[in-house]
file entry_31.pdb (PDB, C-alpha atoms and all ligand atoms)
ATOM      1  CA  MET A   1       5.671 240.664 101.775
ATOM      2  CA  ILE A   2       6.546 241.739  98.234
ATOM      3  CA  SER A   3       8.735 239.773  95.909
ATOM      4  CA  PHE A   4       9.553 240.544  92.297
ATOM      5  CA  SER A   5      11.516 237.922  90.491
ATOM      6  CA  ASN A   6      12.656 238.830  86.981
ATOM      7  CA  VAL A   7       9.472 240.765  86.371
ATOM      8  CA  THR A   8       9.111 242.290  82.932
ATOM      9  CA  LYS A   9       6.231 244.488  81.857
ATOM     10  CA  GLN A  10       5.987 244.988  78.146
ATOM     11  CA  HIS A  11       3.098 247.161  76.989
ATOM     12  CA  LYS A  12       1.583 246.300  73.669
ATOM     13  CA  GLY A  13       3.177 248.323  70.888
ATOM     14  CA  ALA A  14       5.775 249.919  73.182
ATOM     15  CA  PRO A  15       9.322 249.833  71.767
ATOM     16  CA  LYS A  16      10.797 248.590  75.032
ATOM     17  CA  PRO A  17       9.526 247.196  78.304
ATOM     18  CA  ALA A  18       8.403 249.603  81.045
ATOM     19  CA  LEU A  19      10.086 247.205  83.491
ATOM     20  CA  ASP A  20      12.816 244.850  82.434
ATOM     21  CA  ALA A  21      13.604 241.762  84.517
ATOM     22  CA  VAL A  22      13.184 243.502  87.856
ATOM     23  CA  SER A  23      13.931 241.528  91.010
ATOM     24  CA  LEU A  24      13.435 242.909  94.497
ATOM     25  CA  GLU A  25      12.192 241.975  97.943
ATOM     26  CA  ILE A  26      10.364 244.236 100.345
ATOM     27  CA  GLU A  27       9.881 243.077 103.913
ATOM     28  CA  ARG A  28       6.959 243.697 106.197
ATOM     29  CA  GLY A  29       7.359 247.068 107.922
ATOM     30  CA  ASP A  30       9.733 248.524 105.341
ATOM     31  CA  PHE A  31       9.485 252.109 104.119
ATOM     32  CA  VAL A  32      10.833 252.246 100.595
ATOM     33  CA  PHE A  33      11.270 255.146  98.208
ATOM     34  CA  LEU A  34      11.086 254.525  94.487
ATOM     35  CA  VAL A  35      13.001 257.141  92.548
ATOM     36  CA  GLY A  36      14.061 257.648  88.968
ATOM     37  CA  ALA A  37      13.429 259.962  86.049
ATOM     38  CA  SER A  38      10.066 260.377  84.440
ATOM     39  CA  GLY A  39       9.261 257.242  82.472
ATOM     40  CA  SER A  40      11.694 255.047  84.412
ATOM     41  CA  GLY A  41       8.945 252.675  85.546
ATOM     42  CA  LYS A  42       7.954 253.752  89.068
ATOM     43  CA  SER A  43       4.213 253.896  88.492
ATOM     44  CA  THR A  44       4.353 250.671  86.522
ATOM     45  CA  LEU A  45       5.961 248.946  89.500
ATOM     46  CA  LEU A  46       3.216 250.241  91.791
ATOM     47  CA  ARG A  47       0.447 249.292  89.383
ATOM     48  CA  LEU A  48       1.820 245.770  89.112
ATOM     49  CA  MET A  49       1.685 245.444  92.914
ATOM     50  CA  LEU A  50      -1.918 246.618  92.851
ATOM     51  CA  ARG A  51      -2.602 244.224  90.049
ATOM     52  CA  GLU A  52      -3.892 247.072  87.914
ATOM     53  CA  GLU A  53      -1.413 245.695  85.422
ATOM     54  CA  ILE A  54      -0.224 242.156  84.954
ATOM     55  CA  ALA A  55       3.408 241.198  84.498
ATOM     56  CA  SER A  56       4.354 239.978  81.033
ATOM     57  CA  ARG A  57       7.044 237.688  82.462
ATOM     58  CA  GLY A  58       8.460 236.745  85.822
ATOM     59  CA  ASP A  59       7.024 236.024  89.261
ATOM     60  CA  LEU A  60       5.399 238.561  91.524
ATOM     61  CA  PHE A  61       4.140 237.892  95.037
ATOM     62  CA  VAL A  62       2.326 240.495  97.135
ATOM     63  CA  LEU A  63       0.874 239.751 100.585
ATOM     64  CA  GLY A  64       1.202 236.049 100.028
ATOM     65  CA  GLN A  65      -0.561 236.038  96.660
ATOM     66  CA  ASN A  66       0.969 235.158  93.348
ATOM     67  CA  LEU A  67      -0.180 238.072  91.198
ATOM     68  CA  VAL A  68       0.560 236.234  87.996
ATOM     69  CA  THR A  69      -1.824 233.385  88.713
ATOM     70  CA  ILE A  70      -4.344 234.982  91.078
ATOM     71  CA  PRO A  71      -7.886 234.655  89.752
ATOM     72  CA  SER A  72      -9.660 237.981  89.149
ATOM     73  CA  ARG A  73     -12.314 237.190  91.730
ATOM     74  CA  LYS A  74      -9.644 237.183  94.436
ATOM     75  CA  VAL A  75      -8.186 240.568  93.500
ATOM     76  CA  PRO A  76     -10.706 242.698  95.448
ATOM     77  CA  ALA A  77      -9.902 240.878  98.692
ATOM     78  CA  LEU A  78      -6.206 241.448  98.080
ATOM     79  CA  ARG A  79      -6.731 245.153  97.358
ATOM     80  CA  ARG A  80      -8.609 245.543 100.618
ATOM     81  CA  LYS A  81      -5.331 244.899 102.388
ATOM     82  CA  MET A  82      -3.720 247.755 100.498
ATOM     83  CA  GLY A  83      -4.113 251.499 100.593
ATOM     84  CA  VAL A  84      -3.295 253.690  97.634
ATOM     85  CA  VAL A  85      -2.543 257.389  97.382
ATOM     86  CA  PHE A  86      -2.026 259.261  94.149
ATOM     87  CA  GLN A  87      -0.584 262.636  93.369
ATOM     88  CA  ASP A  88      -3.924 264.015  92.239
ATOM     89  CA  PHE A  89      -5.923 262.966  95.321
ATOM     90  CA  ARG A  90      -8.924 261.577  93.426
ATOM     91  CA  LEU A  91     -11.464 262.582  96.040
ATOM     92  CA  LEU A  92     -15.168 262.381  95.334
ATOM     93  CA  PRO A  93     -16.109 266.029  94.727
ATOM     94  CA  ASN A  94     -19.691 265.874  95.976
ATOM     95  CA  LYS A  95     -18.913 264.091  99.217
ATOM     96  CA  THR A  96     -17.665 265.704 102.395
ATOM     97  CA  VAL A  97     -14.340 264.846 103.971
ATOM     98  CA  PHE A  98     -16.108 262.435 106.317
ATOM     99  CA  GLN A  99     -18.070 260.833 103.482
ATOM    100  CA  ASN A 100     -14.996 260.467 101.304
ATOM    101  CA  VAL A 101     -13.242 258.505 104.005
ATOM    102  CA  ALA A 102     -16.386 256.612 105.014
ATOM    103  CA  PHE A 103     -17.004 255.582 101.431
ATOM    104  CA  SER A 104     -13.948 253.350 101.312
ATOM    105  CA  LEU A 105     -15.319 251.486 104.344
ATOM    106  CA  GLU A 106     -18.874 251.315 103.009
ATOM    107  CA  VAL A 107     -17.782 249.633  99.802
ATOM    108  CA  ILE A 108     -16.180 246.848 101.783
ATOM    109  CA  GLY A 109     -19.293 246.381 103.863
ATOM    110  CA  LYS A 110     -18.278 247.881 107.217
ATOM    111  CA  SER A 111     -21.145 248.658 109.566
ATOM    112  CA  SER A 112     -22.214 252.235 110.202
ATOM    113  CA  ALA A 113     -21.232 251.825 113.852
ATOM    114  CA  TYR A 114     -17.720 250.856 112.784
ATOM    115  CA  ILE A 115     -17.574 253.768 110.361
ATOM    116  CA  ALA A 116     -18.780 256.219 112.998
ATOM    117  CA  ASP A 117     -15.778 255.253 115.137
ATOM    118  CA  ALA A 118     -13.105 254.717 112.534
ATOM    119  CA  VAL A 119     -13.537 257.843 110.417
ATOM    120  CA  PRO A 120     -13.176 260.447 113.204
ATOM    121  CA  GLU A 121     -10.199 258.519 114.531
ATOM    122  CA  VAL A 122      -8.337 258.638 111.234
ATOM    123  CA  LEU A 123      -9.332 262.273 110.622
ATOM    124  CA  ARG A 124      -7.796 263.096 113.982
ATOM    125  CA  LEU A 125      -4.606 261.323 112.930
ATOM    126  CA  VAL A 126      -4.297 263.467 109.813
ATOM    127  CA  GLY A 127      -5.364 266.620 111.666
ATOM    128  CA  LEU A 128      -8.648 267.187 109.871
ATOM    129  CA  GLU A 129     -11.251 266.417 112.510
ATOM    130  CA  GLU A 130     -12.422 270.032 112.364
ATOM    131  CA  LYS A 131     -13.019 269.814 108.627
ATOM    132  CA  ALA A 132     -15.074 266.643 108.459
ATOM    133  CA  ASP A 133     -18.035 268.422 106.909
ATOM    134  CA  ARG A 134     -16.163 270.336 104.226
ATOM    135  CA  LEU A 135     -16.287 269.447 100.560
ATOM    136  CA  PRO A 136     -12.960 268.787  98.781
ATOM    137  CA  ASN A 137     -13.101 272.099  96.891
ATOM    138  CA  GLU A 138     -13.230 273.905 100.234
ATOM    139  CA  LEU A 139      -9.852 272.469 101.208
ATOM    140  CA  SER A 140      -6.273 273.348 100.368
ATOM    141  CA  GLY A 141      -4.189 270.936  98.308
ATOM    142  CA  GLY A 142      -2.377 269.682 101.396
ATOM    143  CA  GLU A 143      -5.642 269.138 103.207
ATOM    144  CA  GLN A 144      -7.061 267.243 100.256
ATOM    145  CA  GLN A 145      -3.996 265.065 100.190
ATOM    146  CA  ARG A 146      -4.454 264.340 103.887
ATOM    147  CA  VAL A 147      -8.032 263.271 103.178
ATOM    148  CA  ALA A 148      -6.729 260.969 100.468
ATOM    149  CA  LEU A 149      -4.241 259.569 102.936
ATOM    150  CA  ALA A 150      -6.935 259.144 105.594
ATOM    151  CA  ARG A 151      -9.026 257.254 103.087
ATOM    152  CA  ALA A 152      -6.111 255.028 102.161
ATOM    153  CA  ILE A 153      -5.270 254.091 105.740
ATOM    154  CA  VAL A 154      -8.662 254.001 107.460
ATOM    155  CA  ASN A 155      -8.881 250.284 106.812
ATOM    156  CA  LYS A 156      -5.455 249.756 108.417
ATOM    157  CA  PRO A 157      -3.845 248.316 105.304
ATOM    158  CA  ASP A 158      -0.840 246.025 105.496
ATOM    159  CA  LEU A 159       0.639 247.816 102.534
ATOM    160  CA  LEU A 160       0.404 251.447 101.459
ATOM    161  CA  LEU A 161       1.374 252.336  97.904
ATOM    162  CA  ALA A 162       1.866 256.029  97.257
ATOM    163  CA  ASP A 163       2.546 257.450  93.805
ATOM    164  CA  GLU A 164       4.035 260.928  94.191
ATOM    165  CA  PRO A 165       1.737 261.803  97.072
ATOM    166  CA  THR A 166       3.505 265.117  97.620
ATOM    167  CA  GLY A 167       3.879 266.000  93.953
ATOM    168  CA  ASN A 168       1.532 268.982  94.062
ATOM    169  CA  LEU A 169       2.378 270.288  97.508
ATOM    170  CA  ASP A 170       4.707 272.940  98.879
ATOM    171  CA  PRO A 171       7.729 271.749 100.904
ATOM    172  CA  ALA A 172       6.213 272.395 104.334
ATOM    173  CA  THR A 173       2.980 270.613 103.469
ATOM    174  CA  SER A 174       4.912 267.745 101.895
ATOM    175  CA  ALA A 175       6.920 267.409 105.079
ATOM    176  CA  GLY A 176       3.657 267.112 107.012
ATOM    177  CA  ILE A 177       2.397 264.371 104.710
ATOM    178  CA  VAL A 178       5.666 262.516 105.057
ATOM    179  CA  SER A 179       5.564 262.711 108.865
ATOM    180  CA  LEU A 180       2.141 261.146 108.644
ATOM    181  CA  LEU A 181       3.503 258.395 106.443
ATOM    182  CA  GLU A 182       6.240 257.771 109.006
ATOM    183  CA  LYS A 183       3.646 257.521 111.732
ATOM    184  CA  ILE A 184       1.615 255.084 109.655
ATOM    185  CA  ASN A 185       4.754 253.065 109.005
ATOM    186  CA  GLN A 186       5.525 252.956 112.733
ATOM    187  CA  ASN A 187       2.070 251.513 113.246
ATOM    188  CA  GLY A 188       3.097 248.576 111.107
ATOM    189  CA  THR A 189       2.059 249.461 107.577
ATOM    190  CA  THR A 190       4.632 248.739 104.888
ATOM    191  CA  ILE A 191       5.046 251.737 102.592
ATOM    192  CA  VAL A 192       6.281 252.000  99.030
ATOM    193  CA  MET A 193       6.368 255.570  97.780
ATOM    194  CA  ALA A 194       7.332 256.820  94.333
ATOM    195  CA  THR A 195       8.682 260.334  94.481
ATOM    196  CA  HIS A 196      10.773 262.963  92.755
ATOM    197  CA  ASP A 197      11.221 264.854  95.978
ATOM    198  CA  VAL A 198      14.940 264.992  96.698
ATOM    199  CA  GLY A 199      14.502 266.777 100.025
ATOM    200  CA  ILE A 200      12.234 264.133 101.479
ATOM    201  CA  VAL A 201      14.302 261.190 100.342
ATOM    202  CA  ASP A 202      17.539 262.710 101.621
ATOM    203  CA  ARG A 203      16.041 263.609 104.957
ATOM    204  CA  LEU A 204      14.377 260.323 105.778
ATOM    205  CA  LYS A 205      17.333 258.038 105.116
ATOM    206  CA  ARG A 206      15.187 255.095 104.178
ATOM    207  CA  ARG A 207      15.723 252.447 101.606
ATOM    208  CA  VAL A 208      15.897 253.900  98.097
ATOM    209  CA  ILE A 209      15.292 251.915  94.947
ATOM    210  CA  GLU A 210      16.251 253.777  91.808
ATOM    211  CA  LEU A 211      14.920 252.831  88.410
ATOM    212  CA  ARG A 212      16.360 253.818  85.087
ATOM    213  CA  GLY A 213      14.712 252.751  81.866
ATOM    214  CA  GLY A 214      12.813 249.984  83.628
ATOM    215  CA  VAL A 215      15.860 248.542  85.372
ATOM    216  CA  ILE A 216      16.899 248.837  89.012
ATOM    217  CA  VAL A 217      20.198 250.709  89.048
ATOM    218  CA  ARG A 218      20.429 251.206  92.787
ATOM    219  CA  ASP A 219      18.971 249.680  95.931
ATOM    220  CA  ASP A 220      20.365 251.324  99.042
ATOM    221  CA  LYS A 221      19.116 250.425 102.451
ATOM    222  CA  LYS A 222      19.470 253.895 103.855
ATOM    223  CA  SER A 223      20.265 256.649 101.498
ATOM    224  CA  GLY A 224      19.621 259.911  99.742
ATOM    225  CA  TYR A 225      18.128 260.666  96.386
ATOM    226  CA  GLU A 226      20.826 261.399  93.871
ATOM    227  CA  THR A 227      23.528 259.547  92.014
ATOM    228  CA  ALA A 228      23.564 255.916  91.247
ATOM    229  CA  LEU A 229      27.170 255.308  92.240
ATOM    230  CA  PRO A 230      29.224 252.582  90.702
ATOM    231  CA  ILE A 231      28.834 249.426  92.731
ATOM    232  CA  THR A 232      32.370 249.698  94.101
ATOM    233  CA  ASP A 233      31.666 253.107  95.626
ATOM    234  CA  GLN A 234      28.706 252.006  97.601
ATOM    235  CA  VAL A 235      28.774 251.634 101.320
ATOM    236  CA  PRO A 236      29.097 247.959 102.086
ATOM    237  CA  ILE A 237      25.965 246.523 103.522
ATOM    238  CA  SER A 238      26.836 243.811 105.970
ATOM    239  CA  SER A 239      23.356 242.744 106.853
ATOM    240  CA  ASP A 240      20.570 243.510 104.451
ATOM    241  CA  THR A 241      17.874 243.477 107.041
ATOM    242  CA  GLU A 242      19.666 245.672 109.552
ATOM    243  CA  PRO A 243      17.619 248.772 110.322
ATOM    244  CA  GLU A 244      18.924 252.230 111.292
ATOM    245  CA  GLN A 245      22.657 252.364 111.984
ATOM    246  CA  GLY A 246      23.481 256.025 112.144
ATOM    247  CA  ASN A 247      26.213 255.936 109.515
ATOM    248  CA  GLU A 248      25.417 257.978 106.484
ATOM    249  CA  PRO A 249      26.213 256.715 103.052
ATOM    250  CA  GLU A 250      28.458 258.981 101.024
ATOM    251  CA  GLN A 251      25.862 260.056  98.587
ATOM    252  CA  ALA A 252      23.787 261.642 101.328
ATOM    253  CA  ASN A 253      26.088 264.648 101.051
ATOM    254  CA  GLU A 254      23.904 266.192  98.418
ATOM    255  CA  PRO A 255      22.759 269.725  99.108
ATOM    256  CA  GLU A 256      19.484 269.603 100.996
ATOM    257  CA  GLN A 257      17.355 271.696  98.751
ATOM    258  CA  GLY A 258      17.049 274.247  96.027
ATOM    259  CA  ASN A 259      18.572 272.282  93.204
ATOM    260  CA  GLU A 260      16.144 270.139  91.367
ATOM    261  CA  PRO A 261      17.479 266.991  89.775
ATOM    262  CA  GLU A 262      17.128 266.582  86.054
ATOM    263  CA  SER A 263      14.566 263.948  86.724
ATOM    264  CA  ARG A 264      12.086 266.484  88.028
ATOM    265  CA  ILE A 265      10.572 266.704  84.612
ATOM    266  CA  SER A 266       6.862 267.065  84.662
ATOM    267  CA  SER A 267       5.384 263.913  83.387
ATOM    268  CA  THR A 268       3.871 263.549  79.997
ATOM    269  CA  ASP A 269       2.933 259.981  80.750
ATOM    270  CA  GLN A 270       0.850 260.913  83.699
ATOM    271  CA  ALA A 271      -2.324 261.645  81.787
ATOM    272  CA  GLU A 272      -2.311 258.149  80.377
ATOM    273  CA  GLU A 273      -1.914 256.606  83.779
ATOM    274  CA  GLN A 274      -4.938 258.066  85.396
ATOM    275  CA  GLU A 275      -7.247 255.205  84.823
TER     276      GLU A 275
HETATM  277  N1  LIG A 301      -0.210 251.741  79.146
HETATM  278  C1  LIG A 301       0.988 251.961  78.613
HETATM  279  N2  LIG A 301       1.231 251.658  77.311
HETATM  280  C2  LIG A 301       2.448 251.852  76.767
HETATM  281  N3  LIG A 301       3.507 252.334  77.442
HETATM  282  C3  LIG A 301       3.324 252.660  78.719
HETATM  283  C4  LIG A 301       2.062 252.495  79.385
HETATM  284  N4  LIG A 301       2.197 252.895  80.666
HETATM  285  C5  LIG A 301       3.475 253.300  80.794
HETATM  286  N5  LIG A 301       4.153 253.155  79.649
HETATM  287  C6  LIG A 301       5.578 253.481  79.421
HETATM  288  O1  LIG A 301       6.320 252.766  80.374
HETATM  289  C7  LIG A 301       7.413 253.543  80.850
HETATM  290  C8  LIG A 301       7.333 253.664  82.353
HETATM  291  O2  LIG A 301       6.216 254.454  82.703
HETATM  292  P1  LIG A 301       5.860 254.808  84.195
HETATM  293  O3  LIG A 301       4.543 255.485  84.183
HETATM  294  O4  LIG A 301       5.983 253.596  85.024
HETATM  295  O5  LIG A 301       7.019 255.832  84.577
HETATM  296  P2  LIG A 301       7.250 256.675  85.914
HETATM  297  O6  LIG A 301       8.597 256.334  86.417
HETATM  298  O7  LIG A 301       6.087 256.494  86.825
HETATM  299  O8  LIG A 301       7.273 258.175  85.366
HETATM  300  P3  LIG A 301       6.767 259.539  86.046
HETATM  301  O9  LIG A 301       7.840 259.973  86.982
HETATM  302  O10 LIG A 301       6.655 260.469  84.879
HETATM  303  O11 LIG A 301       5.449 259.293  86.694
HETATM  304  C9  LIG A 301       7.329 254.869  80.110
HETATM  305  O12 LIG A 301       8.190 254.811  79.024
HETATM  306  C10 LIG A 301       5.889 254.926  79.658
HETATM  307  O13 LIG A 301       5.753 255.698  78.501
HETATM  308 MG    MG A 302       4.624 257.788  87.559
END

call {"tool": "encode", "arguments": {"input": "entry_31.pdb", "output": "structure tokens", "more": "lines below"}}
Ligand SMILES: Nc1ncnc2c1ncn2[C@@H]1O[C@H](COP(=O)(O)OP(=O)(O)OP(=O)(O)O)[C@@H](O)[C@H]1O
Ligand SMILES: [Mg+2]
result
Amino acid sequence: MISFSNVTKQHKGAPKPALDAVSLEIERGDFVFLVGASGSGKSTLLRLMLREEIASRGDLFVLGQNLVTIPSRKVPALRRKMGVVFQDFRLLPNKTVFQNVAFSLEVIGKSSAYIADAVPEVLRLVGLEEKADRLPNELSGGEQQRVALARAIVNKPDLLLADEPTGNLDPATSAGIVSLLEKINQNGTTIVMATHDVGIVDRLKRRVIELRGGVIVRDDKKSGYETALPITDQVPISSDTEPEQGNEPEQANEPEQGNEPESRISSTDQAEEQE
């Protein structure tokens, strides 16, 4: 479903690449966490998959398309198969909850009959059916994030890309968002989520890809957040595609909460990304 092969992203004028010869495969139905310190390349990886940025070198396939050679006119059709959620919600302030979600269907030409069915259904899924007529500024942060999630999934995307979707939320609300993501994943949507949230990553025991300085330093099938262990210390993985096994890798012994990793540095890059 997603294949990076020696992908490098070098921004003009930057001293070193944001991503440096990254190779990875993500299968249909996977739920993958992207972790790593601020500036390690997580958002860049997501933006490349969205084709908001173009790789400088290497091969990148997403949903059967070669993103290096895809003509621009084909990008919108590709993006329609993807949902995106950002940390800062990006809701339309003058539209209600219903209209915010409906808008993403209108722009792709869905009929009003379809919209009238699909929007309430997805609002029910995220627990906001009662608040369909509210404006974003009449909602809590967690509620706004659920609207953003509803908007991202209403078109039943094959792939959901989430860039720190719980970054501004308290732990309980974050847990709610993550349960929703799990539900969406169970319904068949592949999810790639960049996060700094140690608690979530440790609890879910999903595949974790850790970036450091634009390089993958860890790719564990079922793991916690912290410590890129030396290769020799890692739990042997007999079959790469094997799902849940019940055996915890050693590094999942991290304390559950309270201690923030060094990487939880608030981003200074973020402002530049918001385009
Ligand atoms: N448009 C750009 N031009 C130049 N350098 C950039 C650009 N976008 C990102 N970078 C650099 O690329 C590196 C990776 O940035 P990226 O936004 O992917 O990091 P991140 O892991 O998402 O960080 P954070 O956790 O803070 O969101 C950083 O060093 C950043 O400064
Ligand atoms: Mg980022």

call {"tool": "residues_near_point", "arguments": {"input": "entry_31.pdb", "point": "(3.4, 256.5, 89.7)", "cutoff": "9 Å", "atoms": "all atoms listed in the file", "output": "PDB file with C-alpha atoms, in the coordinates of the input"}}
result
ATOM      1  CA  GLY A  41       8.945 252.675  85.546  1.00  0.00           C
ATOM      2  CA  LYS A  42       7.954 253.752  89.068  1.00  0.00           C
ATOM      3  CA  SER A  43       4.213 253.896  88.492  1.00  0.00           C
ATOM      4  CA  THR A  44       4.353 250.671  86.522  1.00  0.00           C
ATOM      5  CA  LEU A  45       5.961 248.946  89.500  1.00  0.00           C
ATOM      6  CA  LEU A  46       3.216 250.241  91.791  1.00  0.00           C
ATOM      7  CA  ARG A  47       0.447 249.292  89.383  1.00  0.00           C
ATOM      8  CA  PHE A  86      -2.026 259.261  94.149  1.00  0.00           C
ATOM      9  CA  GLN A  87      -0.584 262.636  93.369  1.00  0.00           C
ATOM     10  CA  ALA A 162       1.866 256.029  97.257  1.00  0.00           C
ATOM     11  CA  ASP A 163       2.546 257.450  93.805  1.00  0.00           C
ATOM     12  CA  GLU A 164       4.035 260.928  94.191  1.00  0.00           C
ATOM     13  CA  MET A 193       6.368 255.570  97.780  1.00  0.00           C
ATOM     14  CA  ALA A 194       7.332 256.820  94.333  1.00  0.00           C
ATOM     15  CA  THR A 195       8.682 260.334  94.481  1.00  0.00           C
ATOM     16  CA  GLN A 270       0.850 260.913  83.699  1.00  0.00           C
ATOM     17  CA  GLU A 273      -1.914 256.606  83.779  1.00  0.00           C
TER      18      GLU A 273
END

call {"tool": "residues_near_point", "arguments": {"input": "entry_31.pdb", "point": "(-10.8, 264.3, 113.6)", "cutoff": "12 Å", "atoms": "all atoms listed in the file", "output": "count of residues only"}}
result
24

call {"tool": "resolve_selection", "arguments": {"input": "entry_31.pdb", "expression": "the PyMOL selection byres (((chain A and resi 72-77) around 12) and not hetatm)", "output": "list of chain:residue names"}}
result
A:Met49, A:Leu50, A:Arg51, A:Glu52, A:Glu53, A:Ile54, A:Val62, A:Leu63, A:Gln65, A:Asn66, A:Leu67, A:Val68, A:Thr69, A:Ile70, A:Pro71, A:Leu78, A:Arg79, A:Arg80, A:Lys81, A:Met82, A:Val107, A:Ile108, A:Pro157

call {"tool": "atom_distance", "arguments": {"input": "entry_31.pdb", "atom1": "CA of Glu138 in chain A", "atom2": "CA of Gly176 in chain A"}}
result
19.4 Å

call {"tool": "atom_distance", "arguments": {"input": "entry_31.pdb", "atom1": "CA of Leu159 in chain A", "atom2": "CA of Thr190 in chain A"}}
result
4.7 Å

call {"tool": "closest_residue", "arguments": {"input": "entry_31.pdb", "among": "A:Gly141, A:Pro171, A:Pro93, A:Gly214", "to": "ligand LIG 301 (chain A)", "atoms": "only C-alpha atoms and all ligand atoms"}}
result
A:Gly214

call {"tool": "decode", "arguments": {"input": "entry_31.pdb", "residues": "range 127-139 of chain A", "atoms": "C-alpha atoms", "output": "PDB file, in the first residue's frame"}}
result
ATOM      1  CA  GLY A 127     -20.086  10.814  19.311  1.00  0.00           C
ATOM      2  CA  LEU A 128     -21.071  14.254  18.079  1.00  0.00           C
ATOM      3  CA  GLU A 129     -24.515  13.719  16.600  1.00  0.00           C
ATOM      4  CA  GLU A 130     -25.973  16.036  19.239  1.00  0.00           C
ATOM      5  CA  LYS A 131     -23.621  18.840  18.251  1.00  0.00           C
ATOM      6  CA  ALA A 132     -24.152  18.873  14.506  1.00  0.00           C
ATOM      7  CA  ASP A 133     -25.369  22.457  14.522  1.00  0.00           C
ATOM      8  CA  ARG A 134     -22.625  23.943  16.673  1.00  0.00           C
ATOM      9  CA  LEU A 135     -19.866  26.131  15.316  1.00  0.00           C
ATOM     10  CA  PRO A 136     -16.253  25.049  15.981  1.00  0.00           C
ATOM     11  CA  ASN A 137     -15.710  27.799  18.570  1.00  0.00           C
ATOM     12  CA  GLU A 138     -18.603  26.365  20.577  1.00  0.00           C
ATOM     13  CA  LEU A 139     -16.772  23.061  20.969  1.00  0.00           C
TER      14      LEU A 139
END
